[in-house]
Amino acid sequence: MTKRVKEILSWYGSDNAGTLNNLARLLNHGRLGGTGKLVILPVDQGYEHGPARSFAANPPAYDPHYLYQLAIDAGLSGYAAPLGLLEQGADSYAGQVPTILKLNSANSLSAATPDQAITASVKDALRLGCVGVGFTIYPGSDACYAMMEELRDIIREAKAHGLVAVVWSYPRGGKVSKEGETALDIVAYAAHMAALMGANVIKVKPPTDRIDLEAAKPVYESADIDRSTLAARVRHVMQCAFAGKRLVVFSGGEAKDTQGLLDEIRQIRDGGGSGSIIGRNSFRRPKPEALALLDEVIKIYLHEA
Amino acid sequence: MTKRVKEILSWYGSDNAGTLNNLARLLNHGRLGGTGKLVILPVDQGYEHGPARSFAANPPAYDPHYLYQLAIDAGLSGYAAPLGLLEQGADSYAGQVPTILKLNSANSLSAATPDQAITASVKDALRLGCVGVGFTIYPGSDACYAMMEELRDIIREAKAHGLVAVVWSYPRGGKVSKEGETALDIVAYAAHMAALMGANVIKVKPPTDRIDLEAAKPVYESADIDRSTLAARVRHVMQCAFAGKRLVVFSGGEAKDTQGLLDEIRQIRDGGGSGSIIGRNSFRRPKPEALALLDEVIKIYLHEA
Amino acid sequence: MTKRVKEILSWYGSDNAGTLNNLARLLNHGRLGGTGKLVILPVDQGYEHGPARSFAANPPAYDPHYLYQLAIDAGLSGYAAPLGLLEQGADSYAGQVPTILKLNSANSLSAATPDQAITASVKDALRLGCVGVGFTIYPGSDACYAMMEELRDIIREAKAHGLVAVVWSYPRGGKVSKEGETALDIVAYAAHMAALMGANVIKVKPPTDRIDLEAAKPVYESADIDRSTLAARVRHVMQCAFAGKRLVVFSGGEAKDTQGLLDEIRQIRDGGGSGSIIGRNSFRRPKPEALALLDEVIKIYLHEA
Amino acid sequence: MTKRVKEILSWYGSDNAGTLNNLARLLNHGRLGGTGKLVILPVDQGYEHGPARSFAANPPAYDPHYLYQLAIDAGLSGYAAPLGLLEQGADSYAGQVPTILKLNSANSLSAATPDQAITASVKDALRLGCVGVGFTIYPGSDACYAMMEELRDIIREAKAHGLVAVVWSYPRGGKVSKEGETALDIVAYAAHMAALMGANVIKVKPPTDRIDLEAAKPVYESADIDRSTLAARVRHVMQCAFAGKRLVVFSGGEAKDTQGLLDEIRQIRDGGGSGSIIGRNSFRRPKPEALALLDEVIKIYLHEA
Amino acid sequence: MTKRVKEILSWYGSDNAGTLNNLARLLNHGRLGGTGKLVILPVDQGYEHGPARSFAANPPAYDPHYLYQLAIDAGLSGYAAPLGLLEQGADSYAGQVPTILKLNSANSLSAATPDQAITASVKDALRLGCVGVGFTIYPGSDACYAMMEELRDIIREAKAHGLVAVVWSYPRGGKVSKEGETALDIVAYAAHMAALMGANVIKVKPPTDRIDLEAAKPVYESADIDRSTLAARVRHVMQCAFAGKRLVVFSGGEAKDTQGLLDEIRQIRDGGGSGSIIGRNSFRRPKPEALALLDEVIKIYLHEA
């Protein structure tokens with residue numbers, strides 16, 4: 001057990017040994033094992049945007065086994081997906097990569113209030129040997145109080161059973177503008193709320209330099225909070241996650257060119273971010289390209305690139 | 001146990017022996033037993049459109065015993081129906097045909113948001129000796145998240161009791177246009193979501209060559225997905241169901257002439273579909289005609305026609 | 001036990017002995033005992049329209065004991081009423097007449113979506129020694145899916161405790177026009193849905209010759225379904241109730257003159273209806289007149305009038 | 001035990017000995033003990049209209065102990081109040097006056113659909129040594145079916161634990177006009193519905209001579225129901241409560257002058273009402289005046305005034 | 001145990017020894033221990049307004065440990081915060097300061113009906129060694145009846161486990177105007193409702209001299225209720241909290257200058273208020289200034305300033 005992992009575990013003094021054990025499994029797995037950094041493969045794109053938009057660019061990825069194998073071959077920290085995807089392979093790949101069961105999902109066909117369906121349970125995660133569960137909240141949405149109450153129950157049940165709680169905190173709707181969804185004040189607020197609710201690992205989007213809430217603007221001006229670079233903005237987000245004492249990972253966002261993506265990863269690292277969660281940018285490329293990209297990402301977090 | 005059935009069972013490695021056993025019962029029954037293909041008789045028309053529109057064209061079908069006998073005489077894989085229909089005959093026909101209890105139903109009198117009432121339970125299915133339960137979701141509907149959460153509970157309970165979960169995945173409402181309900185991207189998406197939720201058997205409609213979601217069009221173009229024939233479209237849908245590792249059966253759709261229907265079945269077979277679920281097109285014809293038609297259908301799946 | 005009652009019980013092969021026993025008690029009680037026909041006194045008028053509109057025309061009926069005594073003196077098959085009415089007399093009249101606890105009720109003061117409040121439970125019915133429970137659904141209403149789910153739970157619980165399930169199936173709202181509430185297609189559909197949900201006894205209104213749903217009209221024409229007389233229409237409704245293998249009783253409808261009512265009863269009998277449920281037309285008349293009327297009704301079902 | 005109390009208990013033949021025992025405690029307490037008449041002090045004004053509007057006119061009443069002492073000193077039958085008020089004194093005044101825990105309350109700040117919050121439970125009533133629980137329904141309100149279902153659960157639980165169920169039946173909203181809330185047909189209907197739901201004691205407002213529902217007007221005319229005096233109207237309401245076989249008490253209504261109030265009480269007595277429930281008219285007067293008034297009221301029911 | 005604390009405990013005669021014990025722990029802790037006065041540090045600002053608006057002015061406060069240490073170093077009575085904040089330190093600071101787990105929280109991103117998400121449970125409070133739980137209600141909001149019912153369940157469960165119930169009673173929405181949220185009649189009403197629901201400690205805002213409800217104005221005039229000074233208004237609020245027999249603490253309100261704040265505290269003391277709950281005005285200042293301010297506040301309650 002490295003000193004860094006021990007330090008991280010010390011932040012979670014109210015969690016039981018079971019949760020700490022699974023958190024350690026996640027932090028000690030793969031090529032980043034022991035560094036305190038995480039790179040996770042998430043595959044909820046199929047539910048959110050449909051299978052063709054997710055996999056047609058790289059058809060082998062239609063097969064759930066491909067996705068397990070990709071996470072393993074790339075030496076990632078873990079693999080997160082909805083029930084069906086994990087079930088198709090949980091037996092074959094048992095013990096080869098830490099898995100996180102994504103418990104809720106939205107879909108692109110719905111035109112209703114931003115919300116998600118809870119499609120699996122903490123008991124499913126236990127049955128499938130996962131280290132943790134994932135859950136999305138949409139702060140701002142008219143459904144946000146209900147989603148937070150669902151999350152409360154899931155965190156309570158997950159931790160009681162020794163699992164890690166990973167929260168996708170994605171403001172949407174309400175007083176948040178469309179561009180504001182990635183504004184610095186909004187992303188920092190999102191990370192803070194997830195921490196207040198008891199998340200072990202928090203997933204947010206890389207913040208832009210926009211400040212979205214009128215009421216927040218004077219504060220960002222008067223306190224002279226640096227938002228000139230992504231690194232500075234990531235540093236602010238980490239500070240808002242209990243002065244850096246919560247694990248916060250950043251999504252890769254929209255598919256983009258390789259250099260753009262790697263630049264972003266470098267800044268997340270420089271800002272003290274805990275790592276990355278990279279979906280579309282990996283499974284939609286042919287496997288050799290995906291492995292090459294993930295190798296670069298891992299090297300950045302290892303300070304080798 | 002044929003090699004094909006063994007292979008199919010191997011796709012469901014996260015399911016317990018009870019569910020695999022009932023899935024095997026379904027796959028091994030009737031004239032298609034052992035082939036990995038299914039032809040199922042569904043009778044939820046009476047609930048959905050009323051009794052006269054369902055049975056007046058062939059009055060003996062008003063009697064629930066007629067429907068059991070039809071499925072048995074035609075050598076079908078199974079018979080799916082709501083509670084009352086199965087109860088009227090479950091004793092007389094015990095052990096003669098695998099049954100699937102359809103747990104929810106819509107009706108034509110309601111003008112509310114597309115939704116269904118859950119009118120029976122997993123425990124009813126056990127009590128009646130069914131091999132599985134059936135459940136409809138309407139992805140897109142404002143009720144879709146609630147329906148998916150109902151389905152989650154039913155899949156969990158059904159599988160815990162060793163039953164097979166059959167999902168009718170019928171997009172409707174929300175961002176889905178009326179014609180889009182059978183568009184290729186929508187049907188493929190519907191099959192994928194059902195697979196992600198843990199369905200053992202998925203029922204969708206035969207897809208047209210339409211692409212309904214604007215965001216999906218460039219993907220279907222750039223990946224050059226073949227949608228020129230129904231066989232090609234069925235192939236795409238099967239790929240979207242975990243690279244063909246889920247059972248997907250296709251409905252017969254609107255009542256049509258015999259040749260049109262048989263042509264459709266041939267293409268479903270050629271596209272690798274797992275079989276058909278044929279209601280209106282069978283029970284609304286006089287019994288000799290219905291048996292002749294179903295004989296043709298079965299021969300197609302046996303590659304004898 | 002008559003041959004006819006044995007035959008009726010044979011239709012309910014999925015029900016337990018407790019439910020069959022209580023169904024037999026209902027079928028064997030009163031002057032119609034053993035004939036397979038039922039005449040039941042329902043008193044939910046007070047809840048639905050208020051006490052004065054129900055009882056002012058015959059003030060002794062304000063007293064709950066009067067209502068028990070009327071059902072007994074007339075030799076009826078049973079008495080159905082809400083909780084308070086049955087509680088006021090359940091001890092005094094124990095064992096003298098089969099009772100059905102009506103579990104839900106609407107009221108005339110509400111202007112909300114057609115719905116009812118569930119005001120008593122299956123356990124109350126057991127405590128009061130009832131043979132069964134009664135429940136109203138409004139297919140078509142925006143509340144219809146919720147009401148059907150309530151009914152599902154009540155049927156399950158009632159039958160598990162050996163009680164008979166009686167369903168008042170009254171389409172209202174949604175795509176059903178005001179006149180359509182008694183249209184032949186709508187009443188037949190209502191009876192069919194109640195049968196599909198597991199009702200032992202179904203209560204509908206006498207159908208008119210109207211066809212309400214556009215989609216149903218061509219079917220009624222092409223199949224040449226006879227709707228020229230009430231007897232023919234009742235025959236169609238019985239066919240839609242599992243080819244006559246469910247008990248369907250018909251309400252008396254609006255208070256009308258004696259001859260009109262008796263003519264209607266004769267046609268219900270001739271169409272093969274299982275009997276009548278007569279409220280307003282009995283308890284709002286002075287007792288001698290009410291007894292005379294009910295005597296005529298019973299004679300019709302006995303083929304003595 | 002007086003003959004009259006025995007007679008009253010005989011009306012509740014479906015209730016258990018525990019409930020009968022607590023009903024007897026209420027009927028046998030205070031200066032009206034044994035007469036079958038009740039005068040109860042209710043204090044839910046603070047919740048409904050705020051503390052100043054309730055107590056500023058007589059500041060000692062801000063203290064919960066004052067209210068207990070008032071009910072005791074006046075020799076009343078019982079005292080009804082929400083949780084906090086009963087808790088502040090339940091220990092000091094244990095055994096000195098029968099108490100009724102008011103389980104739900106509205107407030108004047110809400111502009112939503114007429115409804116109430118359930119702020120205490122049957123278990124609280126047991127813990128505080130109450131003889132019964134009180135609950136308000138608003139027949140007519142869009143929330144009325146939900147409120148009735150809450151009441152059903154509370155009556156069931158209260159009676160199972162041997163408590164008395166007291167129902168405040170106050171039509172409001174829906175098809176009821178503002179003036180109609182005290183119309184004769186509406187008040188009679190309200191009392192009838194509470195009786196149908198299983199109330200032991202019913203609280204309504206003194207009815208005016210108005211008939212509010214169009215459909216009820218011809219019935220009141222044709223049956224020639226006397227509504228010329230409050231006594232006659234009370235007599236009609238009692239008849240609608242199971243031919244007088246339910247206890248119905250009348251509120252004092254708006255604060256008014258002493259003679260007006262006493263006249264009203266005399267007519268309630270003459271119409272056969274079971275008593276009065278007097279809040280604002282007592283606790284808002286200086287204590288000597290309040291005691292003098294309540295003395296007059298009790299004398300009226302004792303036929304001494 | 002001081003005489004004053006014993007007297008305060010005597011007001012809660014219906015609570016069990018566990019709750020009294022924890023209430024005593026709160027009243028006996030810190031520099032005000034034994035005086036019957038409370039000064040509590042609340043930190044729910046981060047959830048309600050976001051982290052930067054809460055902590056950017058004093059960045060060490062981003063660290064949850066800073067907040068515990070501030071409450072300890074200042075000798076406060078207790079520290080109240082949401083789940084995540086208490087968890088980050090509950091182990092390190094065990095036994096050093098009484099803690100209150102704030103169970104529900106709103107956020108500034110939501111545009112929906114005023115409401116809060118319940119983000120933690122009574123069981124969490126027990127697990128973290130808290131003396132009590134905190135809960136906000138918004139009387140007036142369309143969600144107020146639901147929030148009150150949530151509070152009822154929480155008070156019941158908290159007290160059953162020996163915890164203290166602290167209620168933030170903040171009218172908002174419905175018939176309450178924006179300025180009316182701090183009007184004297186509204187604040188007094190808010191305190192009264194919290195007392196009626198069973199709160200042990202009530203938190204309200206310092207009232208202005210406004211009267212908001214039309215119906216309350218004549219009462220405040222005719223009863224000549226003094227509202228000329230904050231002290232007089234606090235006295236009225238205390239009277240409305242069961243004649244001063246409930247603990248009522250007042251928030252510091254908007255951040256303001258030190259003298260303005262201390263003047264306010266003096267008037268709360270002079271009006272008989274039970275103490276203060278001071279968040280923004282303390283944790284947003286540099287620590288030496290915060291300690292100096294809290295020292296002044298405590299001295300005021302000790303009658304030393």
# chains A, B, ... in the order shown; residues from 1 in each chain; ligands from 1
>>> residues_around(residues="B:Lys175", least_positions_apart="3", cutoff="10 Å", atoms="only C-alpha atoms", output="list in words")
Ser108, Leu109, Ser110, Ala111 and Ala112 of chain A; Pro139, Gly140, Ser141, Pro171, Arg172, Lys178, Gly180, Asp212 and Leu213 of chain B
>>> residues_around(residues="stretch 7-14 of chain B", least_positions_apart="6", cutoff="9 Å", atoms="only C-alpha atoms", output="number ranges by chain")
A: 86-92, 127-128; B: 20, 23-24, 36, 200, 245-247
>>> select_by_dssp(residues="stretch 87-283 of chain C", states="strand (DSSP E or B)", output="PyMOL selection string")
chain C and resi 99-102+104-105+117-118+132-137+164-169+201-204+247-251+275-277
>>> interface_residues(of="chain E", to="chain A", cutoff="10 Å", atoms="only C-alpha atoms", output="MDAnalysis selection string")
chainID E and resid 44 46:65 81:92 104:113 115:121 123:124 127:128
>>> residues_around(residues="C:Asp270", least_positions_apart="3", cutoff="10 Å", atoms="only C-alpha atoms", output="PDB file with N, CA, C and O atoms, in the first residue's frame")
ATOM      1  N   LEU C 230     -81.736  -5.721 -26.844  1.00  0.00           N
ATOM      2  CA  LEU C 230     -80.890  -5.784 -25.646  1.00  0.00           C
ATOM      3  C   LEU C 230     -80.426  -7.218 -25.424  1.00  0.00           C
ATOM      4  O   LEU C 230     -79.288  -7.468 -25.037  1.00  0.00           O
ATOM      5  N   ALA C 231     -81.316  -8.181 -25.704  1.00  0.00           N
ATOM      6  CA  ALA C 231     -80.942  -9.592 -25.525  1.00  0.00           C
ATOM      7  C   ALA C 231     -79.730  -9.928 -26.384  1.00  0.00           C
ATOM      8  O   ALA C 231     -78.773 -10.567 -25.934  1.00  0.00           O
ATOM      9  N   ALA C 232     -79.744  -9.465 -27.638  1.00  0.00           N
ATOM     10  CA  ALA C 232     -78.612  -9.733 -28.541  1.00  0.00           C
ATOM     11  C   ALA C 232     -77.350  -9.074 -28.008  1.00  0.00           C
ATOM     12  O   ALA C 232     -76.254  -9.643 -28.070  1.00  0.00           O
ATOM     13  N   VAL C 234     -76.660  -8.239 -24.885  1.00  0.00           N
ATOM     14  CA  VAL C 234     -76.198  -8.956 -23.693  1.00  0.00           C
ATOM     15  C   VAL C 234     -75.448 -10.223 -24.114  1.00  0.00           C
ATOM     16  O   VAL C 234     -74.420 -10.568 -23.552  1.00  0.00           O
ATOM     17  N   ARG C 235     -75.968 -10.888 -25.155  1.00  0.00           N
ATOM     18  CA  ARG C 235     -75.320 -12.101 -25.643  1.00  0.00           C
ATOM     19  C   ARG C 235     -73.884 -11.804 -26.107  1.00  0.00           C
ATOM     20  O   ARG C 235     -72.960 -12.547 -25.817  1.00  0.00           O
ATOM     21  N   GLU C 264     -86.431  -5.065 -19.301  1.00  0.00           N
ATOM     22  CA  GLU C 264     -84.979  -5.085 -19.409  1.00  0.00           C
ATOM     23  C   GLU C 264     -84.429  -6.375 -18.794  1.00  0.00           C
ATOM     24  O   GLU C 264     -83.549  -7.029 -19.363  1.00  0.00           O
ATOM     25  N   ILE C 265     -84.967  -6.749 -17.644  1.00  0.00           N
ATOM     26  CA  ILE C 265     -84.514  -7.961 -16.959  1.00  0.00           C
ATOM     27  C   ILE C 265     -84.764  -9.189 -17.840  1.00  0.00           C
ATOM     28  O   ILE C 265     -83.920 -10.080 -17.951  1.00  0.00           O
ATOM     29  N   ARG C 266     -85.937  -9.194 -18.476  1.00  0.00           N
ATOM     30  CA  ARG C 266     -86.256 -10.342 -19.336  1.00  0.00           C
ATOM     31  C   ARG C 266     -85.235 -10.487 -20.466  1.00  0.00           C
ATOM     32  O   ARG C 266     -84.815 -11.582 -20.823  1.00  0.00           O
ATOM     33  N   GLN C 267     -84.830  -9.351 -21.023  1.00  0.00           N
ATOM     34  CA  GLN C 267     -83.867  -9.402 -22.123  1.00  0.00           C
ATOM     35  C   GLN C 267     -82.487  -9.807 -21.612  1.00  0.00           C
ATOM     36  O   GLN C 267     -81.744 -10.495 -22.309  1.00  0.00           O
ATOM     37  N   GLY C 273     -77.395 -13.322 -19.646  1.00  0.00           N
ATOM     38  CA  GLY C 273     -76.741 -12.611 -18.542  1.00  0.00           C
ATOM     39  C   GLY C 273     -76.849 -13.395 -17.250  1.00  0.00           C
ATOM     40  O   GLY C 273     -77.782 -14.185 -17.054  1.00  0.00           O
ATOM     41  N   ILE C 300     -88.603 -13.798 -13.056  1.00  0.00           N
ATOM     42  CA  ILE C 300     -88.100 -13.778 -14.442  1.00  0.00           C
ATOM     43  C   ILE C 300     -86.886 -14.695 -14.558  1.00  0.00           C
ATOM     44  O   ILE C 300     -86.800 -15.525 -15.465  1.00  0.00           O
ATOM     45  N   TYR C 301     -85.964 -14.564 -13.620  1.00  0.00           N
ATOM     46  CA  TYR C 301     -84.762 -15.395 -13.705  1.00  0.00           C
ATOM     47  C   TYR C 301     -85.069 -16.871 -13.461  1.00  0.00           C
ATOM     48  O   TYR C 301     -84.348 -17.754 -13.913  1.00  0.00           O
ATOM     49  N   HIS C 303     -87.587 -18.151 -14.699  1.00  0.00           N
ATOM     50  CA  HIS C 303     -88.439 -18.466 -15.858  1.00  0.00           C
ATOM     51  C   HIS C 303     -89.883 -18.684 -15.447  1.00  0.00           C
ATOM     52  O   HIS C 303     -90.611 -19.444 -16.055  1.00  0.00           O
TER      53      HIS C 303
END
>>> select_by_dssp(residues="stretch 56-297 of chain D", states="helix (DSSP H, G or I)", output="VMD selection string")
chain D and resid 59 to 62 64 to 73 83 to 87 122 to 127 144 to 160 179 to 182 184 to 197 214 to 222 230 to 240 258 to 270 280 to 283 287 to 297
